[in-house]
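*Asks:* My structure file model21.csv, CSV, N, CA and C atoms, is below:
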chain,number,residue,atom,x,y,z
A,17,MET,N,97.4,63.6,138.8
A,17,MET,CA,97.1,64.9,138.3
A,17,MET,C,96.7,64.9,136.8
A,18,VAL,N,95.6,65.5,136.5
A,18,VAL,CA,95.1,65.5,135.1
A,18,VAL,C,95.8,66.7,134.4
A,19,ASN,N,96.3,66.3,133.2
A,19,ASN,CA,97.0,67.3,132.4
A,19,ASN,C,96.0,68.1,131.5
A,20,ALA,N,96.5,69.0,130.7
A,20,ALA,CA,95.6,69.9,129.9
A,20,ALA,C,94.7,69.1,128.9
A,21,TRP,N,95.1,67.8,128.6
A,21,TRP,CA,94.3,67.1,127.6
A,21,TRP,C,93.3,66.2,128.3
A,22,GLY,N,93.1,66.3,129.6
A,22,GLY,CA,92.1,65.5,130.3
A,22,GLY,C,92.5,64.1,130.7
A,23,ASP,N,93.8,63.8,130.5
A,23,ASP,CA,94.2,62.5,131.0
A,23,ASP,C,95.2,62.6,132.0
A,24,ASP,N,95.6,61.5,132.7
A,24,ASP,CA,96.5,61.6,133.8
A,24,ASP,C,97.9,60.9,133.5
A,25,GLN,N,98.2,60.7,132.2
A,25,GLN,CA,99.5,60.2,131.8
A,25,GLN,C,100.5,61.2,131.7
A,26,PRO,N,101.8,60.9,132.0
A,26,PRO,CA,102.8,61.9,131.9
A,26,PRO,C,103.1,62.2,130.4
A,27,ASN,N,103.5,63.4,130.2
A,27,ASN,CA,103.9,63.9,128.8
A,27,ASN,C,105.3,64.4,128.9
A,28,TYR,N,106.1,64.2,127.9
A,28,TYR,CA,107.5,64.6,127.9
A,28,TYR,C,107.8,65.5,126.7
A,29,THR,N,108.7,66.5,126.9
A,29,THR,CA,109.3,67.2,125.8
A,29,THR,C,110.4,66.3,125.2
A,30,VAL,N,111.0,66.6,124.1
A,30,VAL,CA,112.0,65.8,123.5
A,30,VAL,C,113.2,65.6,124.5
A,31,LYS,N,113.6,66.6,125.2
A,31,LYS,CA,114.7,66.5,126.1
A,31,LYS,C,114.3,65.6,127.3
A,32,ALA,N,113.1,65.8,127.8
A,32,ALA,CA,112.7,65.0,129.0
A,32,ALA,C,112.5,63.5,128.5
A,33,ALA,N,112.0,63.3,127.3
A,33,ALA,CA,111.8,61.9,126.8
A,33,ALA,C,113.2,61.2,126.7
A,34,ALA,N,114.2,62.0,126.2
A,34,ALA,CA,115.5,61.4,126.0
A,34,ALA,C,116.1,61.0,127.4
A,35,LYS,N,115.8,61.9,128.4
A,35,LYS,CA,116.3,61.5,129.8
A,35,LYS,C,115.6,60.3,130.3
A,36,ARG,N,114.3,60.2,130.0
A,36,ARG,CA,113.5,59.1,130.6
A,36,ARG,C,113.9,57.8,130.1
A,37,VAL,N,114.3,57.7,128.8
A,37,VAL,CA,114.8,56.4,128.2
A,37,VAL,C,116.3,56.3,128.0
A,38,GLU,N,117.0,57.3,128.6
A,38,GLU,CA,118.5,57.3,128.6
A,38,GLU,C,119.0,57.2,127.2
A,39,ARG,N,118.5,58.1,126.3
A,39,ARG,CA,118.9,58.2,124.9
A,39,ARG,C,119.2,59.7,124.6
A,40,SER,N,119.7,60.0,123.5
A,40,SER,CA,120.0,61.4,123.1
A,40,SER,C,118.8,62.0,122.6
A,41,THR,N,118.8,63.3,122.6
A,41,THR,CA,117.6,64.0,121.9
A,41,THR,C,117.6,63.8,120.4
A,42,ARG,N,118.8,63.5,119.8
A,42,ARG,CA,118.8,63.2,118.4
A,42,ARG,C,118.1,61.9,118.1
A,43,THR,N,118.2,60.9,119.0
A,43,THR,CA,117.5,59.6,118.9
A,43,THR,C,116.0,59.8,119.0
A,44,ILE,N,115.6,60.6,119.9
A,44,ILE,CA,114.1,60.9,120.0
A,44,ILE,C,113.6,61.6,118.8
A,45,GLU,N,114.4,62.6,118.3
A,45,GLU,CA,114.0,63.3,117.1
A,45,GLU,C,113.9,62.3,115.9
A,46,ARG,N,114.8,61.3,115.8
A,46,ARG,CA,114.8,60.3,114.7
A,46,ARG,C,113.6,59.4,114.9
A,47,TRP,N,113.3,59.0,116.1
A,47,TRP,CA,112.1,58.2,116.3
A,47,TRP,C,110.8,58.9,115.8
A,48,ILE,N,110.8,60.2,116.1
A,48,ILE,CA,109.6,61.0,115.6
A,48,ILE,C,109.6,61.1,114.1
A,49,ARG,N,110.7,61.3,113.5
A,49,ARG,CA,110.8,61.3,112.0
A,49,ARG,C,110.4,59.9,111.5
A,50,ASP,N,110.7,58.8,112.2
A,50,ASP,CA,110.4,57.5,111.8
A,50,ASP,C,109.0,57.1,112.1
A,51,GLY,N,108.2,57.9,112.7
A,51,GLY,CA,106.8,57.7,112.9
A,51,GLY,C,106.2,57.6,114.3
A,52,MET,N,107.1,57.9,115.3
A,52,MET,CA,106.5,57.9,116.7
A,52,MET,C,105.5,59.0,116.8
A,53,THR,N,104.4,58.7,117.4
A,53,THR,CA,103.3,59.7,117.5
A,53,THR,C,103.7,60.8,118.6
A,54,CYS,N,103.5,62.0,118.2
A,54,CYS,CA,103.7,63.1,119.1
A,54,CYS,C,102.7,64.3,118.8
A,55,ARG,N,102.7,65.3,119.7
A,55,ARG,CA,101.9,66.4,119.5
A,55,ARG,C,102.7,67.7,119.5
A,56,ASN,N,102.2,68.7,118.7
A,56,ASN,CA,102.9,70.0,118.8
A,56,ASN,C,102.0,70.9,119.5
A,57,VAL,N,102.4,71.3,120.7
A,57,VAL,CA,101.6,72.2,121.6
A,57,VAL,C,102.3,73.5,121.7
A,58,ALA,N,101.8,74.5,121.1
A,58,ALA,CA,102.3,75.9,121.1
A,58,ALA,C,103.8,75.9,120.7
A,59,GLY,N,104.1,75.1,119.7
A,59,GLY,CA,105.5,75.0,119.2
A,59,GLY,C,106.4,74.1,119.9
A,60,ILE,N,105.9,73.4,120.9
A,60,ILE,CA,106.7,72.4,121.7
A,60,ILE,C,106.2,71.0,121.4
A,61,ILE,N,107.2,70.1,121.0
A,61,ILE,CA,106.8,68.8,120.7
A,61,ILE,C,106.6,68.0,122.1
A,62,VAL,N,105.4,67.4,122.2
A,62,VAL,CA,105.1,66.6,123.4
A,62,VAL,C,104.8,65.2,123.0
A,63,ILE,N,105.4,64.3,123.8
A,63,ILE,CA,105.3,62.9,123.6
A,63,ILE,C,104.6,62.2,124.9
A,64,ASP,N,103.6,61.5,124.6
A,64,ASP,CA,102.9,60.8,125.7
A,64,ASP,C,103.7,59.6,126.2
A,65,ASP,N,103.7,59.4,127.5
A,65,ASP,CA,104.5,58.3,128.2
A,65,ASP,C,104.2,56.9,127.5
A,66,PRO,N,103.0,56.5,127.4
A,66,PRO,CA,102.8,55.1,126.8
A,66,PRO,C,103.3,55.0,125.4
A,67,VAL,N,103.2,56.1,124.6
A,67,VAL,CA,103.8,56.1,123.3
A,67,VAL,C,105.3,55.9,123.3
A,68,LEU,N,105.9,56.7,124.1
A,68,LEU,CA,107.4,56.7,124.3
A,68,LEU,C,107.8,55.3,124.7
A,69,MET,N,107.2,54.8,125.7
A,69,MET,CA,107.7,53.5,126.3
A,69,MET,C,107.4,52.4,125.3
A,70,LYS,N,106.3,52.4,124.6
A,70,LYS,CA,106.0,51.3,123.6
A,70,LYS,C,107.1,51.4,122.5
A,71,TYR,N,107.4,52.6,122.0
A,71,TYR,CA,108.4,52.7,120.9
A,71,TYR,C,109.8,52.3,121.4
A,72,PHE,N,110.1,52.7,122.6
A,72,PHE,CA,111.4,52.3,123.2
A,72,PHE,C,111.5,50.8,123.3
A,73,ARG,N,110.4,50.1,123.8
A,73,ARG,CA,110.5,48.6,124.0
A,73,ARG,C,110.6,48.0,122.6
A,74,GLU,N,109.9,48.5,121.6
A,74,GLU,CA,110.0,47.9,120.3
A,74,GLU,C,111.4,48.0,119.7
A,75,ARG,N,112.0,49.1,120.0
A,75,ARG,CA,113.4,49.3,119.5
A,75,ARG,C,114.4,48.4,120.2
A,76,MET,N,114.2,48.2,121.5
A,76,MET,CA,115.0,47.3,122.3
A,76,MET,C,114.9,45.9,121.9
A,77,LEU,N,113.6,45.4,121.7
A,77,LEU,CA,113.4,44.0,121.3
A,77,LEU,C,113.8,43.7,119.9
A,78,SER,N,113.8,44.7,119.0
A,78,SER,CA,114.2,44.5,117.6
A,78,SER,C,115.7,44.6,117.4
A,79,ASN,N,116.5,45.0,118.5
A,79,ASN,CA,117.9,45.1,118.3
A,79,ASN,C,118.6,43.8,118.4
A,80,PRO,N,119.3,43.4,117.3
A,80,PRO,CA,119.9,42.0,117.3
A,80,PRO,C,121.1,41.9,118.2
A,81,ASN,N,121.6,43.0,118.7
A,81,ASN,CA,122.8,43.0,119.6
A,81,ASN,C,122.4,42.9,121.0
A,82,ARG,N,121.1,43.0,121.3
A,82,ARG,CA,120.6,43.0,122.7
A,82,ARG,C,120.6,41.6,123.2
A,83,LYS,N,121.2,41.4,124.3
A,83,LYS,CA,121.2,40.1,125.0
A,83,LYS,C,120.0,39.9,125.9
A,84,THR,N,119.3,38.8,125.7
A,84,THR,CA,118.2,38.5,126.6
A,84,THR,C,118.7,37.7,127.8
A,85,ARG,N,117.8,37.6,128.8
A,85,ARG,CA,118.2,36.9,130.0
A,85,ARG,C,118.6,35.5,129.7
A,86,THR,N,117.9,34.8,128.8
A,86,THR,CA,118.2,33.4,128.5
A,86,THR,C,119.6,33.3,127.8
A,87,ASP,N,119.9,34.3,126.9
A,87,ASP,CA,121.2,34.3,126.3
A,87,ASP,C,122.3,34.5,127.3
A,88,ILE,N,122.1,35.3,128.3
A,88,ILE,CA,123.1,35.6,129.3
A,88,ILE,C,123.3,34.3,130.2
A,89,SER,N,122.2,33.7,130.6
A,89,SER,CA,122.3,32.5,131.5
A,89,SER,C,123.0,31.3,130.7
A,90,GLU,N,122.7,31.2,129.4
A,90,GLU,CA,123.4,30.2,128.6
A,90,GLU,C,124.9,30.4,128.5
A,91,ILE,N,125.3,31.7,128.4
A,91,ILE,CA,126.7,32.0,128.3
A,91,ILE,C,127.4,31.7,129.6
A,92,SER,N,126.8,32.1,130.7
A,92,SER,CA,127.4,31.9,132.0
A,92,SER,C,127.4,30.4,132.4
A,93,SER,N,126.5,29.6,131.9
A,93,SER,CA,126.5,28.2,132.2
A,93,SER,C,127.6,27.5,131.5
A,94,THR,N,127.9,27.9,130.3
A,94,THR,CA,129.0,27.3,129.5
A,94,THR,C,130.4,27.7,130.0
A,95,MET,N,130.4,28.8,130.8
A,95,MET,CA,131.7,29.3,131.3
A,95,MET,C,132.0,28.6,132.6
A,96,SER,N,131.1,27.9,133.3
A,96,SER,CA,131.3,27.2,134.6
A,96,SER,C,132.0,25.9,134.4
Please go through the file and, once you have read it, give me the structure as structure tokens.

*Replies:*
Amino acid sequence: MVNAWGDDQPNYTVKAAAKRVERSTRTIERWIRDGMTCRNVAGIIVIDDPVLMKYFRERMLSNPNRKTRTDISEISSTMS
């Protein structure tokens, strides 16, 4: 389905974006303040799906506490 901007990508409000990436609305608002691209449509903040998912992936990959699959397999092999 084509949206009002002529493209077929999903768009999210702050609340819907938070639900999509399982984060709080405060986190989404912080990402917007930190530079995530969004639009203001009739007073409602709208975030495009590719923008949201790119920003989310960047945050996940830059998190030093995040365990990668190789980290987990190395830990499990040393426990055997």

*Asks:* Mind checking which residues fall within 8 Å of Leu68 (chain A), counting only N, CA and C atoms, ignoring those fewer than 3 positions away in the same chain, and posting them as an NGL selection string?

*Replies:* :A and (33 or 37 or 52-53 or 63-65 or 71-74)

*Asks:* Given the point (107.9, 66.5, 122.6) in the coordinates of this file, which residues lie within 8 Å, counting only N, CA and C atoms, and how would they look as a JSON list (two decimals) with N, CA and C atoms, in the frame of the given file?

*Replies:*
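And here is the file that came out, point-v7.json:
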[["chain", "number", "residue", "atom", "x", "y", "z"],
["A", 27, "ASN", "N", 103.50, 63.40, 130.20],
["A", 27, "ASN", "CA", 103.90, 63.90, 128.80],
["A", 27, "ASN", "C", 105.30, 64.40, 128.90],
["A", 28, "TYR", "N", 106.10, 64.20, 127.90],
["A", 28, "TYR", "CA", 107.50, 64.60, 127.90],
["A", 28, "TYR", "C", 107.80, 65.50, 126.70],
["A", 29, "THR", "N", 108.70, 66.50, 126.90],
["A", 29, "THR", "CA", 109.30, 67.20, 125.80],
["A", 29, "THR", "C", 110.40, 66.30, 125.20],
["A", 30, "VAL", "N", 111.00, 66.60, 124.10],
["A", 30, "VAL", "CA", 112.00, 65.80, 123.50],
["A", 30, "VAL", "C", 113.20, 65.60, 124.50],
["A", 31, "LYS", "N", 113.60, 66.60, 125.20],
["A", 31, "LYS", "CA", 114.70, 66.50, 126.10],
["A", 31, "LYS", "C", 114.30, 65.60, 127.30],
["A", 32, "ALA", "N", 113.10, 65.80, 127.80],
["A", 32, "ALA", "CA", 112.70, 65.00, 129.00],
["A", 32, "ALA", "C", 112.50, 63.50, 128.50],
["A", 33, "ALA", "N", 112.00, 63.30, 127.30],
["A", 33, "ALA", "CA", 111.80, 61.90, 126.80],
["A", 33, "ALA", "C", 113.20, 61.20, 126.70],
["A", 54, "CYS", "N", 103.50, 62.00, 118.20],
["A", 54, "CYS", "CA", 103.70, 63.10, 119.10],
["A", 54, "CYS", "C", 102.70, 64.30, 118.80],
["A", 55, "ARG", "N", 102.70, 65.30, 119.70],
["A", 55, "ARG", "CA", 101.90, 66.40, 119.50],
["A", 55, "ARG", "C", 102.70, 67.70, 119.50],
["A", 56, "ASN", "N", 102.20, 68.70, 118.70],
["A", 56, "ASN", "CA", 102.90, 70.00, 118.80],
["A", 56, "ASN", "C", 102.00, 70.90, 119.50],
["A", 57, "VAL", "N", 102.40, 71.30, 120.70],
["A", 57, "VAL", "CA", 101.60, 72.20, 121.60],
["A", 57, "VAL", "C", 102.30, 73.50, 121.70],
["A", 60, "ILE", "N", 105.90, 73.40, 120.90],
["A", 60, "ILE", "CA", 106.70, 72.40, 121.70],
["A", 60, "ILE", "C", 106.20, 71.00, 121.40],
["A", 61, "ILE", "N", 107.20, 70.10, 121.00],
["A", 61, "ILE", "CA", 106.80, 68.80, 120.70],
["A", 61, "ILE", "C", 106.60, 68.00, 122.10],
["A", 62, "VAL", "N", 105.40, 67.40, 122.20],
["A", 62, "VAL", "CA", 105.10, 66.60, 123.40],
["A", 62, "VAL", "C", 104.80, 65.20, 123.00],
["A", 63, "ILE", "N", 105.40, 64.30, 123.80],
["A", 63, "ILE", "CA", 105.30, 62.90, 123.60],
["A", 63, "ILE", "C", 104.60, 62.20, 124.90],
["A", 64, "ASP", "N", 103.60, 61.50, 124.60],
["A", 64, "ASP", "CA", 102.90, 60.80, 125.70],
["A", 64, "ASP", "C", 103.70, 59.60, 126.20]]

*Asks:* CA of Met76 (chain A) and CA of Arg46 (chain A) are how many Å apart?

*Replies:*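 Result for CA of Met76 (chain A) versus CA of Arg46 (chain A): 15.1 Å, one decimal.
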
*Asks:* Restricting the calculation to only C-alpha atoms: of A:Met69, A:Gly59, A:Ile48, A:Asn79, which residue gets closest to Arg36 (chain A)?

*Replies:*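 Using only C-alpha atoms, the shortest distance to Arg36 (chain A) belongs to A:Met69.
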